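Chemist: Handing over entry11.cif, mmCIF, C-alpha atoms.
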data_target
loop_
_atom_site.group_PDB
_atom_site.id
_atom_site.type_symbol
_atom_site.label_atom_id
_atom_site.label_comp_id
_atom_site.auth_asym_id
_atom_site.auth_seq_id
_atom_site.Cartn_x
_atom_site.Cartn_y
_atom_site.Cartn_z
ATOM 1 C CA MET X 1 16.279 -0.743 19.188
ATOM 2 C CA THR X 2 16.207 2.715 17.667
ATOM 3 C CA PRO X 3 12.953 4.372 16.569
ATOM 4 C CA SER X 4 14.027 3.625 12.989
ATOM 5 C CA ASP X 5 14.490 -0.068 13.835
ATOM 6 C CA VAL X 6 11.012 -0.241 15.374
ATOM 7 C CA LEU X 7 9.432 1.362 12.318
ATOM 8 C CA ILE X 8 11.296 -0.959 9.955
ATOM 9 C CA GLU X 9 10.153 -3.980 11.975
ATOM 10 C CA ALA X 10 6.546 -2.784 11.887
ATOM 11 C CA PHE X 11 6.529 -2.002 8.146
ATOM 12 C CA SER X 12 8.210 -5.361 7.447
ATOM 13 C CA ARG X 13 5.076 -7.209 8.520
ATOM 14 C CA VAL X 14 2.891 -5.661 5.820
ATOM 15 C CA PRO X 15 4.231 -7.438 2.693
ATOM 16 C CA SER X 16 4.032 -10.926 4.190
ATOM 17 C CA THR X 17 0.481 -10.287 5.413
ATOM 18 C CA VAL X 18 -0.608 -9.187 1.938
ATOM 19 C CA GLU X 19 1.274 -12.056 0.276
ATOM 20 C CA ARG X 20 -0.570 -14.599 2.447
ATOM 21 C CA ALA X 21 -3.887 -13.059 1.377
ATOM 22 C CA LEU X 22 -3.012 -13.287 -2.331
ATOM 23 C CA ASP X 23 -1.143 -16.587 -2.329
ATOM 24 C CA GLY X 24 -2.268 -19.079 -4.953
ATOM 25 C CA LEU X 25 -5.120 -16.971 -6.307
ATOM 26 C CA SER X 26 -5.763 -16.270 -9.969
ATOM 27 C CA GLU X 27 -6.268 -12.810 -11.420
ATOM 28 C CA ASP X 28 -10.012 -13.501 -11.608
ATOM 29 C CA GLN X 29 -10.101 -14.526 -7.951
ATOM 30 C CA LEU X 30 -8.157 -11.406 -6.986
ATOM 31 C CA ALA X 31 -10.764 -9.326 -8.822
ATOM 32 C CA ALA X 32 -13.724 -10.993 -7.079
ATOM 33 C CA ARG X 33 -15.810 -9.039 -4.582
ATOM 34 C CA PRO X 34 -17.185 -10.455 -1.343
ATOM 35 C CA ALA X 35 -20.272 -8.247 -1.835
ATOM 36 C CA ALA X 36 -21.509 -5.831 -4.475
ATOM 37 C CA GLY X 37 -19.365 -2.722 -4.479
ATOM 38 C CA ALA X 38 -16.829 -4.080 -1.975
ATOM 39 C CA ASN X 39 -13.095 -3.733 -2.481
ATOM 40 C CA THR X 40 -11.309 -6.568 -4.245
ATOM 41 C CA LEU X 41 -8.115 -8.260 -3.102
ATOM 42 C CA ALA X 42 -6.322 -6.796 -6.117
ATOM 43 C CA TRP X 43 -7.423 -3.278 -5.231
ATOM 44 C CA LEU X 44 -6.546 -3.691 -1.548
ATOM 45 C CA ALA X 45 -3.026 -4.911 -2.366
ATOM 46 C CA TRP X 46 -2.481 -2.252 -5.035
ATOM 47 C CA HIS X 47 -3.822 0.557 -2.851
ATOM 48 C CA THR X 48 -1.710 -0.571 0.111
ATOM 49 C CA ALA X 49 1.420 -0.270 -2.012
ATOM 50 C CA ARG X 50 0.348 2.935 -3.775
ATOM 51 C CA GLY X 51 -0.534 4.777 -0.563
ATOM 52 C CA GLN X 52 2.756 3.831 1.026
ATOM 53 C CA ASP X 53 4.713 4.650 -2.133
ATOM 54 C CA VAL X 54 3.190 8.111 -2.589
ATOM 55 C CA GLN X 55 3.599 9.185 1.016
ATOM 56 C CA ILE X 56 7.086 7.774 1.630
ATOM 57 C CA ALA X 57 8.330 9.296 -1.628
ATOM 58 C CA ASP X 58 6.951 12.642 -0.482
ATOM 59 C CA LEU X 59 8.713 12.388 2.883
ATOM 60 C CA ALA X 60 11.964 11.199 1.308
ATOM 61 C CA GLY X 61 11.843 13.769 -1.489
ATOM 62 C CA THR X 62 12.142 11.052 -4.136
ATOM 63 C CA GLU X 63 10.183 9.901 -7.166
ATOM 64 C CA GLN X 64 7.624 7.202 -6.480
ATOM 65 C CA VAL X 65 8.626 3.591 -7.164
ATOM 66 C CA TRP X 66 5.429 3.395 -9.276
ATOM 67 C CA THR X 67 6.893 5.630 -11.967
ATOM 68 C CA ALA X 68 10.637 5.532 -11.270
ATOM 69 C CA ASP X 69 10.859 1.752 -11.563
ATOM 70 C CA GLY X 70 8.285 1.202 -14.321
ATOM 71 C CA TRP X 71 5.503 -0.348 -12.255
ATOM 72 C CA TYR X 72 2.926 2.019 -13.745
ATOM 73 C CA ASP X 73 3.703 0.656 -17.223
ATOM 74 C CA ARG X 74 3.834 -2.977 -16.043
ATOM 75 C CA PHE X 75 0.392 -2.736 -14.465
ATOM 76 C CA GLY X 76 -1.185 -1.013 -17.459
ATOM 77 C CA LEU X 77 -4.163 0.181 -15.426
ATOM 78 C CA PRO X 78 -6.649 2.585 -17.048
ATOM 79 C CA PHE X 79 -5.798 5.410 -14.636
ATOM 80 C CA PRO X 80 -3.346 8.306 -14.667
ATOM 81 C CA ALA X 81 0.015 7.645 -12.987
ATOM 82 C CA GLU X 82 -0.953 9.697 -9.942
ATOM 83 C CA ALA X 83 -3.984 7.510 -9.101
ATOM 84 C CA LEU X 84 -3.638 5.698 -5.790
ATOM 85 C CA GLY X 85 -7.133 4.553 -4.945
ATOM 86 C CA TYR X 86 -8.527 7.365 -2.809
ATOM 87 C CA GLY X 87 -11.927 8.440 -4.064
ATOM 88 C CA MET X 88 -12.205 5.712 -6.682
ATOM 89 C CA SER X 89 -15.648 4.618 -7.773
ATOM 90 C CA ARG X 90 -16.854 1.042 -7.449
ATOM 91 C CA ASP X 91 -16.263 0.616 -11.165
ATOM 92 C CA ASP X 92 -12.695 1.914 -10.866
ATOM 93 C CA VAL X 93 -11.978 -0.503 -8.010
ATOM 94 C CA GLY X 94 -13.052 -3.328 -10.335
ATOM 95 C CA ARG X 95 -10.639 -2.127 -13.028
ATOM 96 C CA VAL X 96 -7.631 -2.913 -10.829
ATOM 97 C CA ARG X 97 -6.688 -6.279 -12.261
ATOM 98 C CA ALA X 98 -3.273 -7.849 -11.835
ATOM 99 C CA SER X 99 -1.568 -11.090 -10.934
ATOM 100 C CA ALA X 100 -0.542 -11.873 -7.379
ATOM 101 C CA GLU X 101 3.086 -11.806 -8.532
ATOM 102 C CA LEU X 102 2.757 -8.304 -9.970
ATOM 103 C CA LEU X 103 0.932 -6.982 -6.909
ATOM 104 C CA THR X 104 3.380 -8.463 -4.420
ATOM 105 C CA GLY X 105 6.350 -7.472 -6.561
ATOM 106 C CA TYR X 106 5.289 -3.842 -6.468
ATOM 107 C CA LEU X 107 4.568 -3.983 -2.742
ATOM 108 C CA ARG X 108 8.010 -5.522 -2.103
ATOM 109 C CA ALA X 109 9.687 -2.805 -4.197
ATOM 110 C CA VAL X 110 7.827 -0.122 -2.224
ATOM 111 C CA HIS X 111 8.766 -1.855 1.006
ATOM 112 C CA ASP X 112 12.443 -1.875 0.025
ATOM 113 C CA ARG X 113 12.308 1.869 -0.650
ATOM 114 C CA THR X 114 10.493 2.440 2.642
ATOM 115 C CA VAL X 115 13.106 0.485 4.597
ATOM 116 C CA ALA X 116 15.904 2.391 2.871
ATOM 117 C CA TYR X 117 14.266 5.696 3.820
ATOM 118 C CA LEU X 118 13.503 4.674 7.399
ATOM 119 C CA GLY X 119 17.089 3.499 7.813
ATOM 120 C CA THR X 120 18.304 7.065 7.261
ATOM 121 C CA LEU X 121 16.198 8.540 10.063
ATOM 122 C CA GLY X 122 17.474 9.566 13.436
ATOM 123 C CA PRO X 123 15.213 10.476 16.368
ATOM 124 C CA ASP X 124 15.331 14.183 15.487
ATOM 125 C CA ASP X 125 14.115 13.445 11.939
ATOM 126 C CA LEU X 126 10.690 12.463 13.264
ATOM 127 C CA ASP X 127 9.926 15.900 14.754
ATOM 128 C CA PRO X 128 9.738 18.285 11.767
ATOM 129 C CA VAL X 129 6.251 19.377 10.747
ATOM 130 C CA VAL X 130 5.384 18.039 7.294
ATOM 131 C CA ASP X 131 1.775 19.243 7.108
ATOM 132 C CA ASP X 132 0.516 22.313 8.929
ATOM 133 C CA ALA X 133 -3.006 22.038 7.521
ATOM 134 C CA TRP X 134 -4.021 20.025 10.625
ATOM 135 C CA ASP X 135 -4.417 20.989 14.262
ATOM 136 C CA PRO X 136 -2.083 19.919 15.668
ATOM 137 C CA PRO X 137 0.308 20.066 12.712
ATOM 138 C CA VAL X 138 1.504 16.668 11.444
ATOM 139 C CA THR X 139 5.110 15.727 12.137
ATOM 140 C CA ALA X 140 7.153 13.315 10.036
ATOM 141 C CA GLY X 141 6.841 10.732 12.807
ATOM 142 C CA ALA X 142 3.065 11.073 12.962
ATOM 143 C CA ARG X 143 2.833 10.803 9.159
ATOM 144 C CA ILE X 144 4.931 7.610 9.161
ATOM 145 C CA VAL X 145 2.691 6.083 11.841
ATOM 146 C CA SER X 146 -0.360 7.101 9.804
ATOM 147 C CA ILE X 147 1.070 5.407 6.694
ATOM 148 C CA LEU X 148 1.775 2.264 8.695
ATOM 149 C CA ASN X 149 -1.723 2.298 10.171
ATOM 150 C CA ASP X 150 -3.303 2.554 6.722
ATOM 151 C CA CYS X 151 -1.127 -0.275 5.392
ATOM 152 C CA THR X 152 -1.882 -2.623 8.278
ATOM 153 C CA GLN X 153 -5.608 -1.929 8.043
ATOM 154 C CA HIS X 154 -5.683 -2.737 4.316
ATOM 155 C CA ALA X 155 -3.461 -5.791 4.752
ATOM 156 C CA GLY X 156 -5.859 -7.089 7.410
ATOM 157 C CA GLN X 157 -8.825 -6.349 5.172
ATOM 158 C CA ALA X 158 -7.179 -8.376 2.405
ATOM 159 C CA GLY X 159 -6.889 -11.388 4.710
ATOM 160 C CA TYR X 160 -10.512 -10.988 5.727
ATOM 161 C CA VAL X 161 -11.719 -10.684 2.125
ATOM 162 C CA ARG X 162 -9.783 -13.827 1.189
ATOM 163 C CA GLY X 163 -11.539 -15.674 4.023
ATOM 164 C CA LEU X 164 -14.956 -14.421 2.976
ATOM 165 C CA LEU X 165 -14.450 -15.390 -0.640
ATOM 166 C CA PHE X 166 -12.661 -18.691 -0.419
ATOM 167 C CA PHE X 167 -13.068 -20.235 3.019
ATOM 168 C CA THR X 168 -16.693 -19.756 3.968
ATOM 169 C CA GLN X 169 -19.065 -22.675 3.807
#
What do you get writing this file as structure tokens?

Modeler:
Amino acid sequence: MTPSDVLIEAFSRVPSTVERALDGLSEDQLAARPAAGANTLAWLAWHTARGQDVQIADLAGTEQVWTADGWYDRFGLPFPAEALGYGMSRDDVGRVRASAELLTGYLRAVHDRTVAYLGTLGPDDLDPVVDDAWDPPVTAGARIVSILNDCTQHAGQAGYVRGLLFFTQ
């Protein structure tokens, strides 16, 4: 396997993990909180896709799927197009309401774009510095691993939240 193949395999696990967490739930259930102020399943799924979309688009030098493919309009959320969840208030988290189909559709579209980008990378494409504001500076490879880490953490949180809300006695 090439480094690109490994990354594609790893990113390919995120959508199915999120889909299992959302499967069969209504929009109201997706907007439920396991505790006051906690993140909802809808927010976790949306933020997982948005974070990946924003950062992969930046690396690839492309427009985000969110705006390029009309997902921003389909969601109709009360936020500007550039919102992706970082720094949102508890109230804002609760305003992320969408169906499981819409959430997973967007995540799948982002995943497709991610796979297309990763498929273009050779080993030397992982070495360039993409952010010198850190010590050590962040390479493309380190940024991709960071994106993947964030996605897997939020996907796991979504599964946990589903269990707390719907499978506890």

Chemist: Select, from X:Leu7, X:Leu84, X:Gly37, X:Trp46, the residue with the minimum atom-to-atom distance to Ala142 in chain X, counting only C-alpha atoms.

Modeler: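 Going through X:Leu7, X:Leu84, X:Gly37, X:Trp46 one by one, the smallest distance to Ala142 in chain X is for X:Leu7.
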
Chemist: Around the point (-20.8, -3.7, -11.5) (coordinates from the file), which residues reach within 12 Å if we count all atoms listed in the file? Answer as a compact mmCIF listing (two decimals) with C-alpha atoms, in the frame of the given file.

Modeler:
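Listing of point-v4.txt after writing:
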# COMPACT_ATOMS: atom_id res chain seq x y z
CA ALA X 31 -10.76 -9.33 -8.82
CA ALA X 32 -13.72 -10.99 -7.08
CA ARG X 33 -15.81 -9.04 -4.58
CA ALA X 35 -20.27 -8.25 -1.84
CA ALA X 36 -21.51 -5.83 -4.47
CA GLY X 37 -19.36 -2.72 -4.48
CA ALA X 38 -16.83 -4.08 -1.98
CA ASN X 39 -13.10 -3.73 -2.48
CA SER X 89 -15.65 4.62 -7.77
CA ARG X 90 -16.85 1.04 -7.45
CA ASP X 91 -16.26 0.62 -11.16
CA ASP X 92 -12.70 1.91 -10.87
CA VAL X 93 -11.98 -0.50 -8.01
CA GLY X 94 -13.05 -3.33 -10.34
CA ARG X 95 -10.64 -2.13 -13.03

Chemist: Please report the interatomic distance between CA of Ala155 in chain X and CA of Asp112 in chain X in Å with one decimal.

Modeler: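 The value is 17.0 Å.
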
Chemist: Between range 6-40 of chain X and range 114-120 of chain X, at 9 Å or less, what are the per-residue closest atom pairs and their distances in Å? Count all atoms listed in the file, order by chain and rising residue number, and return it as a Markdown table.

Modeler:
| residue | atom | partner | partner_atom | distance |
| --- | --- | --- | --- | --- |
| X:Leu7 | CA | X:Leu118 | CA | 7.2 |
| X:Ile8 | CA | X:Val115 | CA | 5.8 |
| X:Phe11 | CA | X:Val115 | CA | 7.9 |
| X:Ser12 | CA | X:Val115 | CA | 8.1 |

Chemist: Those residues with C-alpha atoms, as a compact mmCIF listing (two decimals), in the coordinates of the input please?

Modeler:
# COMPACT_ATOMS: atom_id res chain seq x y z
CA LEU X 7 9.43 1.36 12.32
CA ILE X 8 11.30 -0.96 9.96
CA PHE X 11 6.53 -2.00 8.15
CA SER X 12 8.21 -5.36 7.45

Chemist: Go through X:Ala57, X:Ala45, X:Ile147, X:Ala98 and flag the residue nearest Ala21 in chain X, using all atoms listed in the file for the distances.

Modeler: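 Closest candidate: X:Ala45.
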